[in-house]
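Right, one structure below, let's go through it.
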Amino acid sequence: MSLILRAHVATAAQGVVPSWPLESFIAVNPLAGDEARPFETAAAADVRFTRSRDDYLRDLNEGRITAADLEAALLERTPELAGVITIGGMAVRRTHAAVLDMTSASWVSPTVANDRSSWLDDYLSAWVSSYVNPDPLWQMPHKQQGFFGAWRALARHDSRLPRAVRRRLSEVPLEPDAALAWALDQLAVPANTVTAALREELAFLPGWVAHIKWRAEKIGDIDLTSYLAVRWTVRALRAVGVPAAPVAPVTVDPAAAVWSRADAVAAEIVGPAATREDTAALARVLAWHPVSAHPFTWQKAYELHYRAALLPALIDSDPADDPPELQVVMCIDPRSEGMRRHLERAPAVETFGFAGFFGVPVRFARYGARSAVNSLPALLSPRHQVTEQPTAPERAERVVARGRNRDAVRTAVHSADSSTATPFAFAETTGWLYGATSVLRTFTPTLHARLGRGLAGSRKSLDTTVAVADAFSLDERAAIAETGVRMMGMSLFAPLVILAGHSSESTNNLYESALDCGACGGNPGAANARSAAAIFNDPDVRALLRARGIDIPESSFFVGAEHNTVTDSVDLLDRHLIPESHRQLAQRFEQVQGTAADELVRERANDLPGASARKHPSRVRRRAHDWAEVYPELGLAGNAAMIIGPRRMTRGVDLGRRVFLHSYETMLDPNGTALETIMTAPLVVAQWINHQYYFSALNPTTLGAGTKTIHNAVGTIGVLAGHSGDLRRGLPWQSVGIGSRLFHEPLRLAVIIEAPLDRVGGIVSRNQVLRNLFDNDWITLTARDDRGSAWHRYTPYGWKSTPAMEGQYR
Amino acid sequence: MNNLTKMTRLEVVVPARDAPSIRELIASAGATGYTSVSGVSGIGHHGQHSGALLFNEYDTLTMLITVLPPDKAGDLIDAVRELLSTSSGVMFVADTYVSRPDYFQ
């Protein structure tokens with residue numbers, strides 16, 4: 001019985017998307033479990049898949065969506081609407097009639113605020129958060145017995161349960177599987193409805209359930225069977241019935257029957273003279289496009305408008321005649337697009353886009369660190385441990401010892417601050433100091449941060465090297481380098497090649513890791529950049545590469561760097577390794593970068609709430625240290641497209657920091673392996689991020705984390721809104737909107753590739769993850785063979801060249 | 001047959017993201033071990049599947065192979081069938097023979 005019950009639990013949880021803890025935030029599509037279904041049919045009763053009708057109508061009035069966009073969207077989604085009909089003696093495009101229908105027929109969005117929270121939810125939330133909290137004031141007793149065992153042992157003392165219920169706890173089996181079976185039996189759940197009943201139960205605390213699913217796979221101290229066992233046991237003991245499925249709200253105005261819609265359109269085209277035949281002809285057309293399809297056509301038009309402007313903007317600049325002095329490889333993250341654009345204003349600079357972990361998936365531990373981080377995409381498991389080696393071990397020992405002492409002081413202060421007995425005495429004795437530093441921190445955050453760094457001493461001043469050769473064999477290192485070169489399409493090498501990862505610096509921000517590098521598992525990308533640079537500089541690796549046709553000249557030196565996306569500084573790392581012969585180039589880069597950073601900060605100030613491009617860039621940069629700042633930066637807000645192709649397509653084009661850019665050259669990838677790797681990894685990560693933003697924007701309180709201002713942290717795991725309730729999923733409102741207004745445009749990712757169409761199509765057809773995404777319209781794909789070829793749209797039935805491409809329909 | 005002991009072998013091919021559930025069932029069924037092959041390729045009900053991907057272990061197929069005594073296999077077969085009833089994946093069941101049965105008890 002218990003084995004089949006475990007299968008029922010696993011089946012019920014198939015649609016649950018694991019949720020990573022906040023300390024290594026990974027953007028995911030919260031509805032990834034539905035990607036095997038068409039986007040449109042995955043729509044659930046309480047999830048918004050599109051914006052509201054009023055939003056789209058406002059866009060139509062303001063020109064953000066045009067009638068031409070709507071007609072193009074109609075043709076793309078419903079080809080039967082091609083052609084004309086005769087109404088009142090006039091030839092009318094069917095799409096025009098359908099557009100008139102879309103602007104007149106009404107529909108309502110699903111109700112998102114479907115509050116189903118109950119006493120049982122609050123009860124379970126308190127127990128689960130106590131059990132998984134990594135830093136509790138008191139350790140939960142009996143924790144070694146697992147979640148169900150601990151709860152069963154302690155619940156008899158829990159006054160929130162009625163006395164009669166607590167007395168019956170002894171009847172409950174000891175093991176979670178048996179207890180779950182017992183509870184289902186007590187509540188007389190029929191065998192053929194067990195999976196559905198469990199699925200319904202899992203829907204009550206989706207945030208905790210998603211985190212438990214992640215935890216069961218990665219840590220193993222709790223699983224969904226034990227969670228469900230507690231829920232159902234409490235239900236059985238309190239005689240609370242089986243959970244009821246939510247009632248689906250009516251989303252379509254019943255009055256919008258096709259005949260009345262046709263009447264309205266006929267009146268608009270012909271006026272009062274419209275005949276019954278006119279209405280009948282229009283009804284036959286409109287029947288192809290029911291009101292339930294309207295939201296998705298509006299959304300498609302909204303997206304087409306963006307894409308139709310983007311494609312003609314790709315200007316195909318001619319490459320520079322002279323080889324560049326500096327090459328900068330940056331993450332595909334849209335924030336890099338701004339930095340690359342500004343850096344390239346200097347003719348000596350050439351930039352590339354590559355996944356921010358630079359193809360080096362590592363578990364990284366700093367020198368003297370107590371723990372390591374998985375600095376690699378969530379799509380991979382860590383297999384290679386990389387550590388640091390100090391170049392001056394004695395000094396390093398002293399720095400680490402000082403750091404440990406500081407940690408000890410911090411821990412002691414935290415204990416005194418949070419212990420039950422000491423807070424008042426602690427406040428009495430140290431309040432004056434904290435008061436003064438609080439004033440300093442509030443009014444001069446940059447000075448406070450500088451003083452803090454000065455007092456603490458910085459680990460950054462410690463010269464180290466990454467021991468990448470200990471983690472990867474020579475063959476593996478050569479394979480990493482070759483893969484990187486072929487994926488980036490790098491054929492010439494500048495004297496100085498800078499591999500720039502990125503990180504975000506902010507204070508008092510629980511979502512800081514959501515602003516770090518997604519390709520590095522929500523961590524800063526410096527470790528990977530340094531590791532990759534070490535690999536590329538390795539003479540043995542270069543010798544192997546030479547034998548494979550990749551000649552990196554001896555005069556080329558690679559160096560790691562890190563782009564701070566709040567201040568837009570790009571700091572060179574491991575400067576002590578830069579040879580004397582390249583120091584002047586490094587200084588040249590720093591000059592170019594300093595100018596680019598100031599320009600980019602001013603550009604970003606136009607979008608940042610509360611910032612002004614007219615003020616000095618330091619006003620924006622101080623946000624990194626401002627503990628009251630809820631908008632340290634806008635992260636990847638606005639992301640809308642991904643371009644895979646040579647930089648000449650986009651060099652000099654302002655893409656508004658909205659596009660993931662992955663460099664690629666068909667010529668350097670003879671068998672298509674590099675393109676397949678790009679399409680099955682960086683593209684998938686970009687899609688996860690895109691859908692995280694999409695659904696957080698449309699469902700800010702259910703699939704997004706709501707406003708930051710009421711968040712309470714559960715250790716480093718996640719946040720609650722207030723003091724109880726579900727663990728919040730997704731991005732906070734401050735990542736997608738301000739006030740009641742969205743600044744993130746929820747657009748599904750438009751993937752644009754320059755590579756042979758048959759190669760692209762072949763890769764899609766042999767990878768189910770891509771088939772699901774493209775065939776089911778979760779994201780779109782547009783491609784062209786090479787420079788000068790026509791753009792084609794991918795459809796499940798083949799490539800189509802349509803006027804919706806390249807803006808011709810405007 | 002050559003002093004071999006009859007056992008039941010299950011081979012399950014599922015998307016890598018569903019493999020943890022299968023592994024949990026195998027362990028719960030009392031199997032003493034399993035073999036996992038990641039990045040398997042082929043053509044099936046859902047079309048073609050590429051093999052191992054360089055930077056994505058999450059969207060490939062995984063084959064899990066386990067051997068256990070026939071009296072323990074029935075529950076596991078039922079459980080895996082239940083799990084596969086709503087998701088993609090295949091299960092092959094066959095008799096097999098082992099030389100050291102105590103390894104599989």
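The way I read the labels, and the way they are meant: chains A, B, ... in the order of the structure tokens, residue 1 as the first residue of every chain, and ligand 1 as the first ligand shown, with later ones counted on from there.
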In chain B, DSSP helix (DSSP H, G or I) residues written as a count of residues only
32
Within 8 Å of Met63 of chain B using only C-alpha atoms, minus same-chain residues under 6 positions, as a PyMOL selection string:
chain B and resi 11-14+36-38+40
Please produce an output containing N, CA and C atoms for each residue in the selection, written as a CSV table (one decimal), in the first residue's frame.
chain,number,residue,atom,x,y,z
B,11,GLU,N,13.7,-1.7,-16.2
B,11,GLU,CA,14.4,-0.6,-16.8
B,11,GLU,C,13.3,0.5,-17.0
B,12,VAL,N,13.6,1.7,-16.5
B,12,VAL,CA,12.7,2.8,-16.6
B,12,VAL,C,13.4,3.9,-17.3
B,13,VAL,N,12.8,4.5,-18.4
B,13,VAL,CA,13.4,5.6,-19.1
B,13,VAL,C,12.4,6.8,-18.9
B,14,VAL,N,12.9,7.8,-18.2
B,14,VAL,CA,12.1,9.0,-17.9
B,14,VAL,C,12.9,10.3,-18.1
B,36,SER,N,22.0,4.1,-12.9
B,36,SER,CA,21.4,5.2,-13.6
B,36,SER,C,22.3,5.7,-14.8
B,37,VAL,N,21.7,5.8,-15.9
B,37,VAL,CA,22.4,6.2,-17.1
B,37,VAL,C,21.8,7.5,-17.6
B,38,SER,N,22.5,8.6,-17.5
B,38,SER,CA,21.9,9.9,-17.9
B,38,SER,C,22.2,10.1,-19.4
B,40,VAL,N,20.4,9.5,-22.1
B,40,VAL,CA,20.1,8.4,-23.2
B,40,VAL,C,19.4,9.0,-24.3
Distance filter 7 Å, only C-alpha atoms, chain A against chain B, as a PyMOL selection string:
chain A and resi 3-4+7+10-11+217+379-380+677+680-681+765-769
Give me, as a PyMOL selection string, the residues of segment 61-212 of chain A that a backbone DSSP run labels strand (DSSP E or B).
chain A and resi 84-87+90-93+107
Emit the selected residues as a CSV table (one decimal), in the first residue's frame, including C-alpha atoms.
chain,number,residue,atom,x,y,z
A,84,VAL,CA,-12.1,39.2,-47.4
A,85,ILE,CA,-15.9,39.1,-47.0
A,86,THR,CA,-18.5,41.3,-48.5
A,87,ILE,CA,-20.4,43.4,-45.9
A,90,MET,CA,-18.0,46.5,-49.3
A,91,ALA,CA,-15.0,44.1,-49.4
A,92,VAL,CA,-13.8,43.9,-45.8
A,93,ARG,CA,-10.8,42.0,-44.6
A,107,TRP,CA,-14.0,39.6,-21.3
Selected residue, from A:Pro21, A:Asn192, A:Ser2, A:Arg486, that lies nearest to Gly715 of chain A when counting only C-alpha atoms:
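Ranked by minimum distance to Gly715 of chain A, first place goes to A:Pro21.
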Residues at most 10 Å from Gly44 of chain B, counting only C-alpha atoms, excluding those fewer than 6 positions away in the same chain, as an MDAnalysis selection string?
chainID B and resid 88:90
Residues of the last selection are to be written out with C-alpha atoms, as an mmCIF file, in the first residue's frame.
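This is the output file again29.cif:
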data_model
loop_
_atom_site.group_PDB
_atom_site.id
_atom_site.type_symbol
_atom_site.label_atom_id
_atom_site.label_comp_id
_atom_site.auth_asym_id
_atom_site.auth_seq_id
_atom_site.Cartn_x
_atom_site.Cartn_y
_atom_site.Cartn_z
ATOM 1 C CA SER B 88 6.145 10.556 -20.337
ATOM 2 C CA GLY B 89 8.417 7.576 -19.883
ATOM 3 C CA VAL B 90 8.582 3.846 -20.479
#
Excluding segment 206-216 of chain A and its own-chain neighbours fewer than 6 positions away, which residues fall within 7 Å of it when counting only C-alpha atoms? Please give them as an MDAnalysis selection string.
chainID A and resid 16:20 222:224 726:729
Keeping C-alpha atoms for every residue in the selection just given, could you write it to a file as a compact mmCIF listing (two decimals), in the first residue's frame?
# COMPACT_ATOMS: atom_id res chain seq x y z
CA VAL A 16 5.04 21.22 -8.85
CA VAL A 17 8.11 23.17 -9.93
CA PRO A 18 10.91 23.00 -7.33
CA SER A 19 11.70 26.33 -5.73
CA TRP A 20 15.31 27.14 -4.84
CA ILE A 222 11.82 16.52 4.40
CA ASP A 223 9.66 15.23 1.56
CA LEU A 224 6.14 15.72 0.30
CA ASP A 726 2.86 30.57 2.55
CA LEU A 727 6.50 30.86 1.52
CA ARG A 728 6.47 33.41 -1.28
CA ARG A 729 7.52 32.35 -4.74
